$ cat start-v9.csv   # CSV, C-alpha atoms
chain,number,residue,atom,x,y,z
A,6,MET,CA,15.1,8.2,10.9
A,7,ILE,CA,11.5,8.6,12.1
A,8,ASP,CA,10.6,5.0,13.0
A,9,LEU,CA,12.2,1.5,13.0
A,10,ALA,CA,10.7,-2.0,12.6
A,11,GLY,CA,12.1,-5.4,12.8
A,12,ASN,CA,10.8,-9.0,12.8
A,13,ALA,CA,12.0,-12.0,14.8
A,14,GLY,CA,11.7,-14.2,11.7
A,15,GLN,CA,14.3,-12.1,10.0
A,16,PRO,CA,16.7,-10.9,12.7
A,17,ASP,CA,19.1,-9.0,10.4
A,18,ARG,CA,16.4,-7.1,8.5
A,19,VAL,CA,15.5,-3.6,9.8
A,20,TYR,CA,13.1,-1.2,8.2
A,21,ALA,CA,13.3,2.6,8.8
A,22,THR,CA,11.0,5.4,7.8
A,23,THR,CA,12.8,8.5,6.8
A,24,PRO,CA,11.9,11.9,5.2
A,25,ASP,CA,13.3,10.4,2.0
A,26,GLY,CA,11.2,7.2,2.1
A,27,LEU,CA,11.2,3.7,3.5
A,28,GLN,CA,14.7,2.2,3.9
A,29,VAL,CA,15.7,-1.5,4.5
A,30,SER,CA,18.8,-3.0,6.0
A,31,ASP,CA,19.7,-6.7,5.7
A,32,ASP,CA,22.8,-6.4,7.9
A,33,GLY,CA,21.3,-5.5,11.2
A,34,GLY,CA,21.2,-1.8,10.5
A,35,VAL,CA,24.8,-1.3,9.4
A,36,SER,CA,23.7,0.0,6.0
A,37,PHE,CA,20.3,0.9,4.5
A,38,LYS,CA,18.9,1.1,1.0
A,39,THR,CA,15.7,2.6,-0.3
A,40,VAL,CA,12.7,0.4,-0.8
A,41,PRO,CA,11.6,1.3,-4.4
A,42,GLY,CA,7.9,2.3,-4.8
A,43,ALA,CA,7.1,2.4,-1.1
A,44,PRO,CA,4.7,5.1,0.0
A,45,LEU,CA,6.0,7.9,2.2
A,46,MET,CA,5.3,6.8,5.8
A,47,SER,CA,5.9,8.2,9.3
A,48,HIS,CA,5.5,4.8,11.0
A,49,VAL,CA,6.1,1.2,10.0
A,50,ASP,CA,5.9,-2.2,11.7
A,51,SER,CA,6.5,-5.8,10.5
A,52,PRO,CA,4.3,-8.2,12.5
A,53,VAL,CA,5.2,-11.3,10.5
A,54,LYS,CA,7.9,-12.2,8.0
A,55,ASP,CA,7.6,-10.2,4.7
A,56,MET,CA,4.6,-8.2,5.9
A,57,LEU,CA,4.8,-4.4,6.4
A,58,ILE,CA,2.1,-2.1,7.7
A,59,GLY,CA,2.7,1.6,7.7
A,60,VAL,CA,1.0,4.9,8.3
A,61,GLY,CA,1.5,7.9,6.2
A,62,ALA,CA,1.9,11.5,7.4
A,63,GLU,CA,-1.7,12.3,6.6
A,64,GLY,CA,-3.1,9.1,8.2
A,65,GLN,CA,-3.1,6.7,5.2
A,66,VAL,CA,-2.6,3.1,6.2
A,67,HIS,CA,-0.6,1.0,3.7
A,68,VAL,CA,0.0,-2.8,3.7
A,69,SER,CA,2.6,-4.9,1.9
A,70,ARG,CA,2.6,-8.7,2.1
A,71,ASP,CA,5.8,-9.1,-0.1
A,72,ALA,CA,8.5,-7.3,1.9
A,73,GLY,CA,7.7,-3.9,0.3
A,74,LYS,CA,7.6,-4.9,-3.4
A,75,SER,CA,3.9,-3.9,-3.7
A,76,TRP,CA,1.6,-1.8,-1.5
A,77,LEU,CA,-2.1,-1.5,-0.9
A,78,ALA,CA,-3.7,1.5,0.7
A,79,VAL,CA,-6.3,0.0,3.0
A,80,ALA,CA,-7.6,2.8,5.1
A,81,LYS,CA,-7.4,6.5,6.0
A,82,LEU,CA,-7.3,7.5,9.7
A,83,PRO,CA,-9.1,10.7,10.9
A,84,GLY,CA,-5.8,12.4,11.6
A,85,PRO,CA,-2.0,12.0,11.7
A,86,ALA,CA,-0.4,9.3,13.8
A,87,ALA,CA,1.8,10.0,16.8
A,88,ALA,CA,2.5,6.4,17.5
A,89,PHE,CA,1.8,3.0,15.8
A,90,THR,CA,2.2,-0.7,16.5
A,91,ALA,CA,1.1,-3.9,14.9
A,92,VAL,CA,0.4,-6.3,17.7
A,93,ASP,CA,0.0,-9.0,15.1
A,94,SER,CA,-1.0,-9.1,11.4
A,95,ALA,CA,-4.6,-8.3,12.3
A,96,THR,CA,-4.5,-6.1,15.4
A,97,LEU,CA,-3.2,-2.6,14.9
A,98,LEU,CA,-3.1,0.3,17.4
A,99,VAL,CA,-2.6,3.9,16.4
A,100,ALA,CA,-2.4,6.9,18.7
A,101,LEU,CA,-3.4,10.0,16.9
A,102,GLU,CA,-1.8,13.4,17.6
A,103,ASP,CA,-4.9,14.5,19.6
A,104,GLY,CA,-4.5,11.5,22.0
A,105,THR,CA,-7.3,9.4,20.5
A,106,VAL,CA,-6.3,5.7,20.2
A,107,MET,CA,-7.7,3.8,17.2
A,108,GLU,CA,-7.8,0.0,16.9
A,109,SER,CA,-8.1,-2.3,13.9
A,110,LYS,CA,-8.8,-6.0,14.3
A,111,ASN,CA,-8.7,-6.8,10.6
A,112,GLY,CA,-5.2,-5.7,9.5
A,113,GLY,CA,-6.1,-2.0,9.0
A,114,THR,CA,-9.2,-2.3,6.8
A,115,ASP,CA,-11.4,-0.8,9.5
A,116,PHE,CA,-10.6,1.2,12.6
A,117,SER,CA,-12.7,2.1,15.7
A,118,VAL,CA,-12.0,4.3,18.6
A,119,ALA,CA,-10.5,2.4,21.5
A,120,TYR,CA,-9.9,5.5,23.7
A,121,ARG,CA,-10.8,9.2,23.4
A,122,PRO,CA,-9.3,11.7,25.8
A,123,ALA,CA,-11.7,13.8,27.8
A,124,THR,CA,-12.3,17.3,26.5
A,125,GLY,CA,-13.1,20.3,28.5
$ encode --input "start-v9.csv" --output "structure tokens"
Amino acid sequence: MIDLAGNAGQPDRVYATTPDGLQVSDDGGVSFKTVPGAPLMSHVDSPVKDMLIGVGAEGQVHVSRDAGKSWLAVAKLPGPAAAFTAVDSATLLVALEDGTVMESKNGGTDFSVAYRPATG
């Protein structure tokens, strides 16, 4: 497993990103099954019930509003993500591998630089 996500509205449901694709558990992580049709992602979060937001290995941002049944690619980050969190359904934070922190205030449609490490 690469990343895990849960949501307080569904305490037994756990999502996991793996090299083989997105997995879901409905028994608190005892067993997992593949989410069919989900894009390959390195990071995932579930800010509200049935909503998933994930980041692919090359920086693609994907959103599902139906528990992973359908996906929409909403943005492309300028690099791979090292860390990701969905503060809520609108506010997303992504730390890129170079240390830059990107922020979205509209659910991943647009991102701006929130922090850029000093160079030199």
$ residues_around --input "start-v9.csv" --residues "Gly113 in chain A" --least-positions-apart "2" --cutoff "7 Å" --atoms "only C-alpha atoms" --output "PyMOL selection string"
chain A and resi 66+79-80+97+109+111+115-116
$ write_last_selection --input "start-v9.csv" --atoms "C-alpha atoms" --output "PDB file, keeping the file's coordinate frame"
ATOM      1  CA  VAL A  66      -2.600   3.100   6.200  1.00  0.00           C
ATOM      2  CA  VAL A  79      -6.300   0.000   3.000  1.00  0.00           C
ATOM      3  CA  ALA A  80      -7.600   2.800   5.100  1.00  0.00           C
ATOM      4  CA  LEU A  97      -3.200  -2.600  14.900  1.00  0.00           C
ATOM      5  CA  SER A 109      -8.100  -2.300  13.900  1.00  0.00           C
ATOM      6  CA  ASN A 111      -8.700  -6.800  10.600  1.00  0.00           C
ATOM      7  CA  ASP A 115     -11.400  -0.800   9.500  1.00  0.00           C
ATOM      8  CA  PHE A 116     -10.600   1.200  12.600  1.00  0.00           C
TER       9      PHE A 116
END
$ atom_distance --input "start-v9.csv" --atom1 "CA of Ala13 in chain A" --atom2 "CA of Leu27 in chain A"
19.4 Å
$ residues_around --input "start-v9.csv" --residues "Glu108 in chain A" --least-positions-apart "6" --cutoff "7 Å" --atoms "only C-alpha atoms" --output "MDAnalysis selection string"
chainID A and resid 97:99 116:119
$ closest_residue --input "start-v9.csv" --among "A:Gly104, A:Pro83, A:Pro52, A:Gly34" --to "Gly64 in chain A" --atoms "only C-alpha atoms"
A:Pro83
$ atom_distance --input "start-v9.csv" --atom1 "CA of Val29 in chain A" --atom2 "CA of Val92 in chain A"
20.8 Å
$ closest_residue --input "start-v9.csv" --among "A:Val40, A:Ile7, A:Met56, A:Ala87" --to "Ala72 in chain A" --atoms "only C-alpha atoms"
A:Met56
$ residues_around --input "start-v9.csv" --residues "Leu57 in chain A" --least-positions-apart "2" --cutoff "6 Å" --atoms "all atoms listed in the file" --output "PDB file with C-alpha atoms, keeping the file's coordinate frame"
ATOM      1  CA  ASP A  50       5.900  -2.200  11.700  1.00  0.00           C
ATOM      2  CA  SER A  51       6.500  -5.800  10.500  1.00  0.00           C
ATOM      3  CA  VAL A  68       0.000  -2.800   3.700  1.00  0.00           C
ATOM      4  CA  SER A  69       2.600  -4.900   1.900  1.00  0.00           C
TER       5      SER A  69
END
$ atom_distance --input "start-v9.csv" --atom1 "CA of Phe89 in chain A" --atom2 "CA of Leu9 in chain A"
10.9 Å
$ residues_near_point --input "start-v9.csv" --point "(5.1, 10.1, 8.5)" --cutoff "9 Å" --atoms "only C-alpha atoms" --output "PDB file with C-alpha atoms, in the frame of the given file"
ATOM      1  CA  ILE A   7      11.500   8.600  12.100  1.00  0.00           C
ATOM      2  CA  ASP A   8      10.600   5.000  13.000  1.00  0.00           C
ATOM      3  CA  THR A  22      11.000   5.400   7.800  1.00  0.00           C
ATOM      4  CA  THR A  23      12.800   8.500   6.800  1.00  0.00           C
ATOM      5  CA  PRO A  24      11.900  11.900   5.200  1.00  0.00           C
ATOM      6  CA  LEU A  45       6.000   7.900   2.200  1.00  0.00           C
ATOM      7  CA  MET A  46       5.300   6.800   5.800  1.00  0.00           C
ATOM      8  CA  SER A  47       5.900   8.200   9.300  1.00  0.00           C
ATOM      9  CA  HIS A  48       5.500   4.800  11.000  1.00  0.00           C
ATOM     10  CA  GLY A  59       2.700   1.600   7.700  1.00  0.00           C
ATOM     11  CA  VAL A  60       1.000   4.900   8.300  1.00  0.00           C
ATOM     12  CA  GLY A  61       1.500   7.900   6.200  1.00  0.00           C
ATOM     13  CA  ALA A  62       1.900  11.500   7.400  1.00  0.00           C
ATOM     14  CA  GLU A  63      -1.700  12.300   6.600  1.00  0.00           C
ATOM     15  CA  GLY A  64      -3.100   9.100   8.200  1.00  0.00           C
ATOM     16  CA  PRO A  85      -2.000  12.000  11.700  1.00  0.00           C
ATOM     17  CA  ALA A  86      -0.400   9.300  13.800  1.00  0.00           C
ATOM     18  CA  ALA A  87       1.800  10.000  16.800  1.00  0.00           C
TER      19      ALA A  87
END
$ closest_residue --input "start-v9.csv" --among "A:Lys110, A:Asp103, A:Gln28, A:Pro16" --to "Pro122 in chain A" --atoms "all atoms listed in the file"
A:Asp103
$ axis_aligned_box --input "start-v9.csv" --around "range 60-73 of chain A" --padding-each-side "8 Å" --output "JSON"
{"center_x": 2.7, "center_y": 1.6, "center_z": 4.1, "size_x": 27.6, "size_y": 37.4, "size_z": 24.4}
